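Remarks on the structure that follows.
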Amino acid sequence: MPRKRLARGPKSGKQRPSRSGSAGKTKKVSLVQLAHARSGDKGDTANIGLIALRPAYYPLLEKEVTAARVARHFRGLITGRVERFELPNLRALNFLLHGALGGGGTLSLKTDAQGKVFSTALLRMEIEVPGGLRVR
Amino acid sequence: MAARRNGIVRIASGQGFWGDWLNAPVRQVEGGPIDYLMMDYLAEVTMSIMQKQRSRDPALGYAKDFVPLMRRILPQIVAKRVRVTANAGGVNPEACAAAVIEEARAGGMQGRVHVGVVSGDDIMDRLDELIEKGHALTNLDTGKSLEGVRGSVQSANAYLGAFPIVDALARGANIVITGRVTDTGLTLAPMIHEFGWSRGDWDRLAAGTVAGHIIECGAQCTGGNCMVNWERLPDMHDPGYPIIEATADGGFIVTKHPDTGGRVTRASVTEQLVYEMGNPVEYITPDCVADFTTITLRQSGANRVSVTGVRGNPATDSLKVSISYAWGFKAIGTLIYAWPDAYKKARRADRILRTRLERLGLEFDQILTEYVGVDATHGRLAGLPQPDLPEVQLRVGVRAKERAPVERFSREIAPLILNGPPSVTGFAGGRPKVEEIVAYWPALIPKSEITPRVTILEA
């Protein structure tokens, strides 16, 4: 049961300045400030569509929200791999999280058997953005 | 064609799933001009529920709500010449059609209602023959052969596409009732029928498929479940369900009736576009393979989003098959623990319960514990709970192949109220219900094995 907790970094909504190599000043921003999302199911796979709130945010999402980062974000919560697809036309990324729904459909014992709130679970992720980026 | 106004065909979505808002189709018919009303009733497991109903009564096995709905709107759709496409037929479209015909006659609409029935999707009785022919019906997710669960199969249906519906419309049906037809086909079919699109016109078929995907979940593209500015969405007590204004070139507008709630924006439409999406380059239907990376969206007015540029690729040679089979049993029990130390108490209760289940020697395929108010939606991502939570719901689910251990589990929750941690409540619902698990088995079948049937009945 969830005895182990990860409480790294600031909670959503806060920004803090940090250094990131030679890229100059950056800050950490949680995805909920940059994107909206909708998630659903196909069998035991959850899909999350992540959509930039502004056109300028899309390249940041594409660069930072990689399949590997998403897999790390959901580590322990899913049993399979993560795939990512890009839809620059919709300024959206689509993620497939395999083994996410405890068997999926009617087999699943989970409250979120259909993966409906994986969307906001992803929006908890924080990414590095340029220090000067205007966010809500 | 009478349905067209200035080359525009208006297709309204009236139902996003079996159990959606009952007022929606009525609002769509009354709220302004529409040419078609499409209604999607079938989810993956719906067919098995319907199969069970039919096995008890051969006159059942379809979305029963559809009949009283038709009673309510038939006079208007006949008067306004609105045509209906609905997969309400489930595993018994003939019985559904017969019930609607009866309503039409009772309403004095003899000769004015023609019901098209689309069937041929049901392959339950042909399974052995198909397996013998070498179609393994391998599970698309697990790679296993159907042989292993053959004995527990409860329903098997191939997904038909838009063209059998087109056939029914061409033969004069004003209400088309289908079995397992794709959700998108219900919207695409009227476009093919009205505009005369050909079977190889992949771009236009893909455009109609995208339109179908956008409106197949009802208000989920008009503000429902949309995150952006959700608090400021107007009049969500009366949400406008989506309407497609289609043109012959494949371009279309997503909109809704005036004086309805909700909002049609790029954001609301985009959220629906990515819903249940796999590889966006290949959205596969029986009719075509749509490429969602070619879609161009533009806010063309208040509550109007234009969709253009959709490209498609040739359809594949197979149809998806949705098979349901009896897997076993499950039950979910809940108790609510109150302040102080609500979370601690709930966790202790879980440990006690698990020890008791273990000592009883019960074997489960899985036991899952969630703490509603702490981790049920986001797991560990939610972080540590507040120390002072007012309440926490303990939610324990079990599943097993056999009924007996699940049955016994269902009797182990209530005793905790008197013999477990204090300040516990929320047991008004009684013992957890033991449910049969009917699991879903997706597979493929060559198109050549499936012959859709279309019949027209007159009231």
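Convention: chains lettered A, B, ... in structure tokens order; per-chain residue numbering from 1; ligands numbered from 1 as shown.
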List as a list in words the protein and nucleic acid residues near segment 351-359 of chain B, meaning an atom at most 9 Å away when only C-alpha atoms are counted, but skip any in the same chain fewer than 6 places from it. Ile367, Pro405, Arg408, Phe409, Glu412, Ile413, Leu416 and Gly420 of chain B
Which polymer residues have any atom within 12 Å of an atom of Arg134 of chain A, counting only C-alpha atoms, with same-chain residues fewer than 6 positions away left out, as number ranges by chain? A: 15, 26-27, 29, 33-34, 53-54, 56-57
Record the distance separating atom CA of Leu335 of chain B and atom CA of Gly430 of chain B, expressed in Å with one decimal.
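Separation of atom CA of Leu335 of chain B and atom CA of Gly430 of chain B: 10.7 Å.
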Nearest to chain A by atom-to-atom distance, counting only C-alpha atoms, from B:Leu22, B:Ala346, B:Ile450, B:Leu457: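 Comparing B:Leu22, B:Ala346, B:Ile450, B:Leu457 against chain A, the winner is B:Ala346.
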Could you name the residues that touch Leu97 of chain A at 9 Å or less, counting only C-alpha atoms, but leaving out those on the same chain fewer than 5 positions away, as a PyMOL selection string? chain A and resi 44-48+70-71+74+78-83
Any chance you can output those residues with N, CA and C atoms as a short mmCIF file (atom, residue, chain, number, x, y, z; two decimals), in the first residue's frame?
data_model
loop_
_atom_site.label_atom_id
_atom_site.label_comp_id
_atom_site.auth_asym_id
_atom_site.auth_seq_id
_atom_site.Cartn_x
_atom_site.Cartn_y
_atom_site.Cartn_z
N ASP A 44 -6.37 -2.47 -21.43
CA ASP A 44 -5.56 -2.17 -20.25
C ASP A 44 -4.60 -1.00 -20.49
N THR A 45 -4.80 -0.30 -21.61
CA THR A 45 -3.95 0.84 -21.95
C THR A 45 -4.73 2.13 -21.72
N ALA A 46 -4.08 3.08 -21.03
CA ALA A 46 -4.68 4.42 -20.91
C ALA A 46 -4.03 5.31 -21.95
N ASN A 47 -4.84 6.18 -22.56
CA ASN A 47 -4.24 7.20 -23.43
C ASN A 47 -4.43 8.57 -22.79
N ILE A 48 -3.43 9.41 -22.94
CA ILE A 48 -3.54 10.79 -22.46
C ILE A 48 -3.19 11.73 -23.61
N VAL A 70 7.54 10.64 -19.05
CA VAL A 70 6.19 10.24 -18.64
C VAL A 70 6.23 8.87 -17.97
N ALA A 71 7.07 7.97 -18.51
CA ALA A 71 7.20 6.65 -17.90
C ALA A 71 7.74 6.79 -16.47
N PHE A 74 5.05 8.11 -14.06
CA PHE A 74 4.03 7.13 -13.66
C PHE A 74 4.63 5.83 -13.13
N ILE A 78 2.02 2.17 -13.41
CA ILE A 78 1.72 1.39 -14.61
C ILE A 78 2.76 0.26 -14.73
N THR A 79 2.38 -0.80 -15.44
CA THR A 79 3.30 -1.95 -15.52
C THR A 79 3.98 -2.06 -16.88
N GLY A 80 3.47 -1.33 -17.88
CA GLY A 80 4.03 -1.47 -19.23
C GLY A 80 4.79 -0.23 -19.68
N ARG A 81 5.05 -0.19 -21.00
CA ARG A 81 5.83 0.92 -21.54
C ARG A 81 4.94 2.11 -21.88
N VAL A 82 5.61 3.21 -22.23
CA VAL A 82 4.90 4.42 -22.65
C VAL A 82 5.29 4.75 -24.08
N GLU A 83 4.30 5.01 -24.91
CA GLU A 83 4.56 5.45 -26.29
C GLU A 83 4.08 6.90 -26.43
#
List every residue of segment 262-354 of chain B that DSSP, applied to the backbone of this structure, assigns to helix (DSSP H, G or I), and report them as a VMD selection string. chain B and resid 266 to 273 292 to 294 342 to 354
* To do: Pull out every residue of chain B sitting within 8 Å of chain A, counting only C-alpha atoms, and send them as a VMD selection string.
  => chain B and resid 45 141 226 to 228 270 to 272 274 to 280 292 to 297 330 332 368 to 370 376 to 381 383 to 384 397 to 399 437 to 440
Practice task
For Thr182 of chain B, please output as an MDAnalysis selection string all residues within 10 Å (counting only C-alpha atoms; exclusion window: fewer than 4 positions along the same chain).
Solution key: chainID B and resid 40 42 87 158:162 178 186:188 209 212:213 216 285:287 320
Atoms to include: C-alpha atoms. Write the selected residues as an mmCIF file, in the first residue's frame.
data_model
loop_
_atom_site.group_PDB
_atom_site.id
_atom_site.type_symbol
_atom_site.label_atom_id
_atom_site.label_comp_id
_atom_site.auth_asym_id
_atom_site.auth_seq_id
_atom_site.Cartn_x
_atom_site.Cartn_y
_atom_site.Cartn_z
ATOM 1 C CA ASP B 40 -24.391 5.865 -30.206
ATOM 2 C CA LEU B 42 -22.783 0.590 -27.747
ATOM 3 C CA ASN B 87 -26.717 1.397 -33.157
ATOM 4 C CA ALA B 158 -17.739 -7.758 -36.019
ATOM 5 C CA TYR B 159 -17.703 -3.979 -36.304
ATOM 6 C CA LEU B 160 -19.518 -2.999 -39.494
ATOM 7 C CA GLY B 161 -18.809 0.327 -41.168
ATOM 8 C CA ALA B 162 -20.898 3.087 -42.720
ATOM 9 C CA THR B 178 -28.026 -1.315 -36.443
ATOM 10 C CA LEU B 186 -23.366 6.496 -37.819
ATOM 11 C CA THR B 187 -22.192 10.010 -38.755
ATOM 12 C CA LEU B 188 -20.217 9.153 -41.872
ATOM 13 C CA THR B 209 -14.880 9.638 -39.795
ATOM 14 C CA GLY B 212 -18.041 11.005 -36.309
ATOM 15 C CA HIS B 213 -15.266 10.741 -33.740
ATOM 16 C CA GLU B 216 -19.756 10.224 -30.901
ATOM 17 C CA THR B 285 -12.235 2.002 -39.208
ATOM 18 C CA PRO B 286 -13.901 -0.428 -41.627
ATOM 19 C CA ASP B 287 -14.320 2.495 -44.048
ATOM 20 C CA LYS B 320 -12.372 -5.651 -35.725
#
Compile the contact shell of Pro422 of chain B as a list in words: residues with an atom at most 9 Å away, counting only C-alpha atoms, same-chain residues fewer than 4 positions apart removed.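 Skipping anything fewer than 4 positions along the chain leaves Tyr337, Ala338, Lys345, Ile417 and Leu418 of chain B.
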**OP:** List the neighbours of Glu102 of chain B out to 12 Å using only C-alpha atoms; skip same-chain residues closer than 6 positions along the sequence, and give me the result as a ChimeraX atom specification.
**Re:** /B:67-68,70-71,74,95-96,108-110,113-115,457-459
Please, could you write that set of residues out with N, CA and C atoms as a CSV table (one decimal), in the first residue's frame?
chain,number,residue,atom,x,y,z
B,67,VAL,N,-36.8,2.9,-27.6
B,67,VAL,CA,-38.2,2.8,-28.0
B,67,VAL,C,-39.0,3.9,-27.4
B,68,PRO,N,-39.0,4.1,-26.1
B,68,PRO,CA,-39.8,5.3,-25.6
B,68,PRO,C,-39.2,6.6,-26.1
B,70,MET,N,-38.1,7.1,-29.1
B,70,MET,CA,-38.7,7.2,-30.5
B,70,MET,C,-40.2,7.6,-30.4
B,71,ARG,N,-40.9,7.0,-29.4
B,71,ARG,CA,-42.3,7.3,-29.2
B,71,ARG,C,-42.4,8.9,-29.0
B,74,LEU,N,-40.9,10.7,-32.5
B,74,LEU,CA,-41.4,10.2,-33.9
B,74,LEU,C,-42.2,11.2,-34.6
B,95,ALA,N,-35.6,-7.1,-33.4
B,95,ALA,CA,-36.6,-6.8,-32.3
B,95,ALA,C,-36.8,-5.4,-32.0
B,96,CYS,N,-35.6,-4.6,-32.0
B,96,CYS,CA,-35.7,-3.2,-31.8
B,96,CYS,C,-36.5,-2.5,-32.8
B,108,GLY,N,-50.1,6.4,-35.3
B,108,GLY,CA,-50.9,6.7,-36.5
B,108,GLY,C,-50.0,7.1,-37.7
B,109,MET,N,-48.7,6.6,-37.7
B,109,MET,CA,-47.8,7.1,-38.8
B,109,MET,C,-47.6,6.0,-39.8
B,110,GLN,N,-48.6,5.2,-40.1
B,110,GLN,CA,-48.5,4.1,-41.0
B,110,GLN,C,-48.1,4.7,-42.4
B,113,VAL,N,-43.2,5.8,-41.8
B,113,VAL,CA,-41.9,5.4,-41.1
B,113,VAL,C,-41.4,4.1,-41.8
B,114,HIS,N,-40.2,4.2,-42.3
B,114,HIS,CA,-39.5,3.1,-42.8
B,114,HIS,C,-38.2,2.8,-42.0
B,115,VAL,N,-38.2,1.6,-41.4
B,115,VAL,CA,-37.0,1.3,-40.6
B,115,VAL,C,-36.1,0.4,-41.3
B,457,LEU,N,-38.2,-2.2,-43.2
B,457,LEU,CA,-39.6,-2.6,-42.7
B,457,LEU,C,-40.4,-1.3,-42.8
B,458,GLU,N,-41.7,-1.5,-43.1
B,458,GLU,CA,-42.6,-0.3,-43.2
B,458,GLU,C,-43.6,-0.4,-42.1
B,459,ALA,N,-43.8,0.8,-41.5
B,459,ALA,CA,-44.8,0.8,-40.4
B,459,ALA,C,-46.2,0.7,-41.0
So that I can check the secondary structure, give me every residue of segment 201-281 of chain B assigned strand (DSSP E or B) by backbone DSSP, as a tab-separated table (two decimals) with C-alpha atoms, in the first residue's frame.
chain	number	residue	atom	x	y	z
B	239	PRO	CA	-25.68	21.64	-22.57
B	243	ILE	CA	-24.08	19.26	-34.58
B	244	ILE	CA	-21.94	18.72	-37.67
B	245	GLU	CA	-22.60	21.00	-40.63
B	246	ALA	CA	-21.10	18.95	-43.42
B	252	PHE	CA	-17.34	20.63	-41.81
B	253	ILE	CA	-18.25	22.83	-38.87
B	254	VAL	CA	-18.79	21.61	-35.33
B	255	THR	CA	-21.49	23.65	-33.63
B	261	GLY	CA	-25.35	25.73	-22.72
Given the choices B:Met191, B:Met38, B:Leu169, B:Leu389, which gets closest to Ile215 of chain B if the distance is worked out from only C-alpha atoms?
->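 The answer is B:Met38, which sits nearest to Ile215 of chain B.
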